[in-house]
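Novice: I'm passing along target34.txt; it holds compact mmCIF, C-alpha atoms.
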# COMPACT_ATOMS: atom_id res chain seq x y z
CA MET U 994 31.21 90.19 121.62
CA ASN U 995 30.58 91.85 118.27
CA ASP U 996 28.51 90.05 115.66
CA ARG U 997 30.61 88.60 112.87
CA GLY U 998 31.12 91.30 110.26
CA SER U 999 29.72 94.04 112.50
CA LYS U 1000 31.13 97.55 112.31
CA GLY U 1001 31.12 97.59 116.11
CA GLU U 1002 28.87 97.69 119.16
CA VAL U 1003 26.81 100.73 120.13
CA HIS U 1004 25.27 100.68 123.60
CA LEU U 1005 21.85 102.33 123.99
CA VAL U 1006 20.59 103.12 127.49
CA HIS U 1007 16.86 103.69 127.85
CA LEU U 1008 16.09 105.45 131.13
CA TYR U 1009 13.00 104.15 132.96
CA PRO U 1010 11.11 102.48 130.08
CA LYS U 1011 8.30 101.27 132.37
CA GLU U 1012 7.84 104.48 134.33
CA MET U 1013 8.47 107.02 131.54
CA SER U 1014 7.14 105.74 128.23
CA ILE U 1015 3.39 106.24 128.17
CA TYR U 1016 3.24 107.84 124.72
CA GLY U 1017 5.14 105.19 122.78
CA ASP U 1018 8.57 106.71 123.34
CA LEU U 1019 10.03 103.21 123.73
CA GLY U 1020 9.69 103.14 119.95
CA ASN U 1021 12.65 105.53 119.75
CA THR U 1022 14.94 102.91 121.25
CA ARG U 1023 13.57 100.20 118.98
CA CYS U 1024 14.01 102.49 115.98
CA LEU U 1025 17.66 103.20 116.79
CA ALA U 1026 18.41 99.53 117.44
CA ALA U 1027 16.88 98.59 114.10
CA ARG U 1028 18.70 101.33 112.20
CA LEU U 1029 22.00 100.34 113.80
CA ARG U 1030 21.52 96.79 112.52
CA TRP U 1031 20.58 98.08 109.05
CA HIS U 1032 23.71 100.23 109.04
CA GLY U 1033 25.81 97.19 109.96
CA TYR U 1034 26.43 97.92 113.65
CA THR U 1035 25.53 95.79 116.67
CA PRO U 1036 23.06 97.47 119.07
CA VAL U 1037 23.23 96.58 122.76
CA VAL U 1038 20.16 97.87 124.63
CA HIS U 1039 20.17 98.49 128.38
CA ASN U 1040 16.80 99.21 130.01
CA HIS U 1041 17.65 101.13 133.18
CA ALA U 1042 15.05 100.91 135.96
CA PRO U 1043 15.13 102.67 139.34
CA GLY U 1044 17.69 100.97 141.57
CA ASP U 1045 19.50 99.17 138.75
CA PRO U 1046 23.30 99.33 138.57
CA TRP U 1047 24.52 101.61 135.82
CA PRO U 1048 25.66 99.86 132.62
CA GLU U 1049 29.42 99.66 132.10
CA ARG U 1050 29.01 101.46 128.79
CA ALA U 1051 26.59 104.08 127.48
CA ASP U 1052 27.00 105.46 123.97
CA LEU U 1053 23.52 107.01 123.56
CA LEU U 1054 20.80 107.70 126.14
CA LEU U 1055 17.04 107.93 125.66
CA GLY U 1056 14.15 108.87 127.92
CA GLY U 1057 10.43 109.35 127.42
CA GLY U 1058 7.28 110.94 128.75
CA GLY U 1059 5.33 109.90 131.79
CA GLN U 1060 2.63 110.92 134.20
CA ASP U 1061 3.46 112.91 137.33
CA SER U 1062 3.40 109.65 139.31
CA GLY U 1063 6.04 108.21 136.99
CA GLN U 1064 8.28 111.22 137.52
CA VAL U 1065 7.97 110.78 141.27
CA ARG U 1066 8.99 107.11 141.02
CA VAL U 1067 12.21 107.89 139.17
CA GLN U 1068 13.35 110.96 141.11
CA ASP U 1069 15.31 109.08 143.78
CA ASP U 1070 17.26 107.14 141.16
CA LEU U 1071 17.86 110.31 139.17
CA LYS U 1072 19.48 111.82 142.26
CA VAL U 1073 21.78 108.79 142.49
CA GLN U 1074 22.69 109.04 138.80
CA ALA U 1075 22.71 112.86 138.60
CA ASP U 1076 26.47 113.43 138.60
CA ARG U 1077 27.02 110.59 136.13
CA LEU U 1078 24.40 111.99 133.75
CA ARG U 1079 25.86 115.48 133.98
CA GLU U 1080 29.33 114.10 133.24
CA LEU U 1081 28.06 112.13 130.24
CA ALA U 1082 26.28 115.21 128.91
CA ALA U 1083 29.37 117.38 129.38
CA SER U 1084 31.54 114.81 127.58
CA GLY U 1085 29.34 114.94 124.48
CA THR U 1086 27.30 111.75 124.85
CA PRO U 1087 24.22 112.03 122.62
CA MET U 1088 20.90 111.95 124.46
CA LEU U 1089 17.25 112.29 123.43
CA MET U 1090 14.94 113.20 126.32
CA VAL U 1091 11.23 113.49 125.57
CA CYS U 1092 8.49 115.31 127.50
CA GLY U 1093 8.70 114.27 131.17
CA MET U 1094 12.39 113.38 130.95
CA TYR U 1095 13.01 116.64 129.09
CA GLN U 1096 11.49 118.46 132.05
CA LEU U 1097 13.54 116.46 134.57
CA PHE U 1098 16.74 117.34 132.69
CA GLY U 1099 15.90 121.02 133.19
CA GLU U 1100 16.41 123.32 136.15
CA ALA U 1101 13.04 122.79 137.78
CA PHE U 1102 9.40 121.88 137.43
CA ILE U 1103 6.91 124.13 139.23
CA THR U 1104 3.61 122.44 139.96
CA VAL U 1105 0.20 124.04 139.56
CA GLU U 1106 0.18 124.42 143.35
CA GLY U 1107 3.48 126.34 143.22
CA GLU U 1108 5.80 123.63 144.55
CA ARG U 1109 9.27 123.77 142.96
CA LEU U 1110 10.79 120.38 142.12
CA PRO U 1111 14.49 120.59 141.20
CA GLY U 1112 15.80 118.97 138.01
CA LEU U 1113 19.26 117.87 136.89
CA GLY U 1114 20.16 121.26 135.44
CA ILE U 1115 21.65 119.83 132.25
CA LEU U 1116 19.29 121.99 130.20
CA ASP U 1117 18.64 125.59 131.26
CA VAL U 1118 14.86 125.35 131.11
CA THR U 1119 12.14 125.78 133.72
CA THR U 1120 8.70 124.23 133.36
CA THR U 1121 5.49 125.34 135.04
CA GLY U 1122 2.38 123.19 135.17
CA ASN U 1123 -0.89 124.75 134.06
CA GLU U 1124 -4.47 123.77 133.36
CA ARG U 1125 -4.28 124.07 129.55
CA ARG U 1126 -2.82 121.17 127.59
CA MET U 1127 -0.92 121.69 124.36
CA ILE U 1128 -1.96 118.83 122.09
CA GLY U 1129 -1.55 118.16 118.40
CA PRO U 1130 0.83 117.58 115.48
CA VAL U 1131 4.00 119.67 115.20
CA VAL U 1132 6.47 120.69 112.52
CA LEU U 1133 9.88 122.10 113.44
CA GLU U 1134 12.94 123.43 111.68
CA THR U 1135 16.06 122.10 113.41
CA ASP U 1136 19.77 121.54 112.83
CA PHE U 1137 18.74 118.03 111.73
CA GLY U 1138 16.35 119.41 109.09
CA SER U 1139 12.57 119.49 109.39
CA VAL U 1140 11.19 117.36 112.24
CA VAL U 1141 7.59 116.21 112.71
CA GLY U 1142 5.87 114.74 115.74
CA TYR U 1143 2.99 115.01 118.18
CA GLU U 1144 2.90 117.01 121.40
CA ASN U 1145 0.75 116.36 124.48
CA HIS U 1146 1.83 118.34 127.55
CA SER U 1147 0.42 120.72 130.13
CA GLY U 1148 3.84 121.94 131.23
CA SER U 1149 4.86 125.33 129.88
CA THR U 1150 8.63 125.51 129.42
CA VAL U 1151 10.71 128.69 129.33
CA LEU U 1152 14.35 128.76 128.24
CA GLY U 1153 17.02 130.51 130.25
CA PRO U 1154 19.14 133.29 128.73
CA GLY U 1155 21.38 131.89 126.03
CA GLN U 1156 19.82 128.43 126.05
CA ARG U 1157 19.92 126.92 122.57
CA ILE U 1158 16.61 125.65 121.22
CA PHE U 1159 16.06 122.28 119.57
CA GLY U 1160 13.79 123.70 116.91
CA ARG U 1161 11.77 126.64 115.67
CA VAL U 1162 8.03 125.96 115.48
CA ARG U 1163 6.43 126.06 112.05
CA ALA U 1164 3.20 124.39 113.19
CA GLY U 1165 2.07 123.54 116.71
CA GLU U 1166 2.59 125.00 120.18
CA GLY U 1167 6.14 124.05 121.17
CA ASN U 1168 7.63 124.84 124.56
CA ASN U 1169 4.94 127.22 125.71
CA GLY U 1170 2.70 128.22 122.80
CA LYS U 1171 4.05 131.76 122.83
CA ASP U 1172 7.66 132.22 121.78
CA GLY U 1173 7.85 129.83 118.80
CA THR U 1174 10.54 127.64 120.35
CA GLU U 1175 10.49 123.87 120.85
CA GLY U 1176 12.76 121.84 123.06
CA ALA U 1177 16.31 122.65 124.05
CA ARG U 1178 19.79 121.47 123.17
CA VAL U 1179 23.12 121.52 125.00
CA ALA U 1180 26.10 119.90 123.24
CA ASN U 1181 24.60 116.59 122.03
CA VAL U 1182 21.70 116.50 124.52
CA VAL U 1183 18.31 117.11 122.90
CA GLY U 1184 15.16 117.73 124.92
CA THR U 1185 11.79 117.87 123.16
CA TYR U 1186 8.06 117.45 123.68
CA LEU U 1187 7.62 115.49 120.45
CA HIS U 1188 6.10 112.04 120.74
CA GLY U 1189 5.06 109.76 117.91
CA PRO U 1190 7.54 108.18 118.71
CA VAL U 1191 9.55 110.90 117.05
CA LEU U 1192 12.49 108.97 115.54
CA PRO U 1193 10.69 106.54 113.16
CA ALA U 1194 9.03 109.56 111.53
CA ASN U 1195 12.33 111.43 111.24
CA PRO U 1196 15.13 109.29 109.76
CA GLY U 1197 17.38 112.33 109.50
CA LEU U 1198 17.17 112.98 113.24
CA ALA U 1199 17.64 109.29 114.06
CA ASP U 1200 20.75 109.01 111.92
CA GLY U 1201 22.03 112.35 113.19
CA LEU U 1202 22.08 110.93 116.72
CA LEU U 1203 23.59 107.65 115.50
CA ASP U 1204 26.31 109.52 113.63
CA ILE U 1205 27.48 111.04 116.92
CA ALA U 1206 27.09 107.82 118.89
CA CYS U 1207 28.86 105.59 116.35
CA ARG U 1208 31.83 107.92 115.98
CA ARG U 1209 32.24 107.95 119.76
CA ALA U 1210 31.70 104.20 120.14
CA THR U 1211 33.63 102.83 117.15
CA GLY U 1212 35.71 105.71 115.81
CA ASP U 1213 33.74 106.14 112.60
CA TRP U 1214 30.27 106.45 111.08
CA GLU U 1215 29.77 104.27 108.02
CA PRO U 1216 26.07 104.45 107.13
CA ALA U 1217 24.49 101.95 104.77
CA ASP U 1218 22.02 102.87 102.04
CA ILE U 1219 18.66 102.45 103.83
CA ASN U 1220 15.37 102.66 101.96
CA ASP U 1221 13.46 105.30 103.96
CA THR U 1222 11.00 106.09 101.16
CA VAL U 1223 7.82 105.40 103.15
CA ALA U 1224 9.00 107.29 106.24
CA ARG U 1225 10.12 110.26 104.18
CA GLN U 1226 6.88 110.38 102.22
CA ALA U 1227 4.86 110.38 105.45
CA HIS U 1228 7.18 113.03 106.86
CA GLU U 1229 6.79 115.33 103.88
CA ALA U 1230 3.03 114.82 103.83
CA GLN U 1231 2.76 116.07 107.41
CA VAL U 1232 5.01 119.04 106.70
CA THR U 1233 2.93 120.02 103.66
CA ARG U 1234 -0.41 119.51 105.39
CA LEU U 1235 0.49 121.52 108.48
CA THR U 1236 2.49 124.39 107.02
CA GLN U 1237 0.39 125.35 104.03
CA PRO U 1238 -1.38 128.71 104.44
CA GLY U 1239 -4.80 128.29 105.96
CA SER U 1240 -3.89 125.26 108.04
CA LEU U 1241 -5.36 125.42 111.56
CA ARG U 1242 -1.93 124.46 112.97
CA TYR U 1243 0.02 126.98 110.92
CA ARG U 1244 1.98 129.61 112.86
Step by step, read the file and then write its structure as structure tokens.
Specialist:
Amino acid sequence: MNDRGSKGEVHLVHLYPKEMSIYGDLGNTRCLAARLRWHGYTPVVHNHAPGDPWPERADLLLGGGGQDSGQVRVQDDLKVQADRLRELAASGTPMLMVCGMYQLFGEAFITVEGERLPGLGILDVTTTGNERRMIGPVVLETDFGSVVGYENHSGSTVLGPGQRIFGRVRAGEGNNGKDGTEGARVANVVGTYLHGPVLPANPGLADGLLDIACRRATGDWEPADINDTVARQAHEAQVTRLTQPGSLRYR
């Protein structure tokens, strides 16, 4: 039941928080739940573990990064939920998939040994494991404005023909350290390598996802006036530090 005076319930589904959240990506779910409350909505959080029944309602999905062992532990459940996830993506459900879950939402992951592990195929991306890790702070330009975060991945991701990117790299490595792209986006599904967690550092991105979710869940998006001064100051400081000429991370 909705809280008294609430603008409505919004159901957040976090996929595999124990298996796929080793870089603090659970903070994205906590950030969205907090911002929903600040905006006057009622968040309902579902933590989906392997083998769990699927929630009756899912207005926004989140997933995080994990070690290879974590990806192995969730693969059987992903197969069970694959058609449902594809249908939700096709219907416009907003999703934020970070690092390992970004890779699993792609076409395939090819291990260093050459083994091809199939993904869900929601995003037309293919990732290949390699010995070199891409680590460090990142600045992107995206449809949500500038986005900052921290990458830590050895997978090198290549986009298929026509695949829309999440962002253009201004500082950092991005998908593969070569083509200046970061992440991928199909409809309202966003895949990215950015940790941090990424949403507390990017209020514009957080509210961009909530805008979509709230309209779908309640019929409208009525944001409150939130004081994001500290987050925005930290955001702008990272943008300035990393994109000024002479920065070691400047592309």
Novice: Can you work out the spacing between CA of His1032 in chain U and CA of Glu1229 in chain U in Å, to one decimal?
Specialist: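 Answer for the CA of His1032 in chain U to CA of Glu1229 in chain U separation: 23.3 Å.
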Novice: Determine the nearest neighbour of Leu1089 in chain U from the options U:His1188, U:His1039, U:Arg1077, U:Arg1109, counting all atoms listed in the file.
Specialist: U:His1188
Novice: Between U:Ala1083, U:Pro1046, U:Gly1099, U:Glu1134, which has the minimum distance to Thr1236 in chain U (counting only C-alpha atoms)?
Specialist: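 Selected residue with least distance to Thr1236 in chain U: U:Glu1134.
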Novice: Which residue gives the smallest distance to Glu1175 in chain U among U:Leu1025, U:Leu1081, U:Leu1187, U:Val1065, with only C-alpha atoms counted?
Specialist: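 Distance minimum relative to Glu1175 in chain U lands on U:Leu1187.
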Novice: I'd like to know which of U:Gly1142, U:Gly1160, U:Cys1024, U:Gly1184 is closest to His1228 in chain U, using all atoms listed in the file.
Specialist: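 Between U:Gly1142, U:Gly1160, U:Cys1024, U:Gly1184, the residue approaching His1228 in chain U most closely is U:Gly1142.
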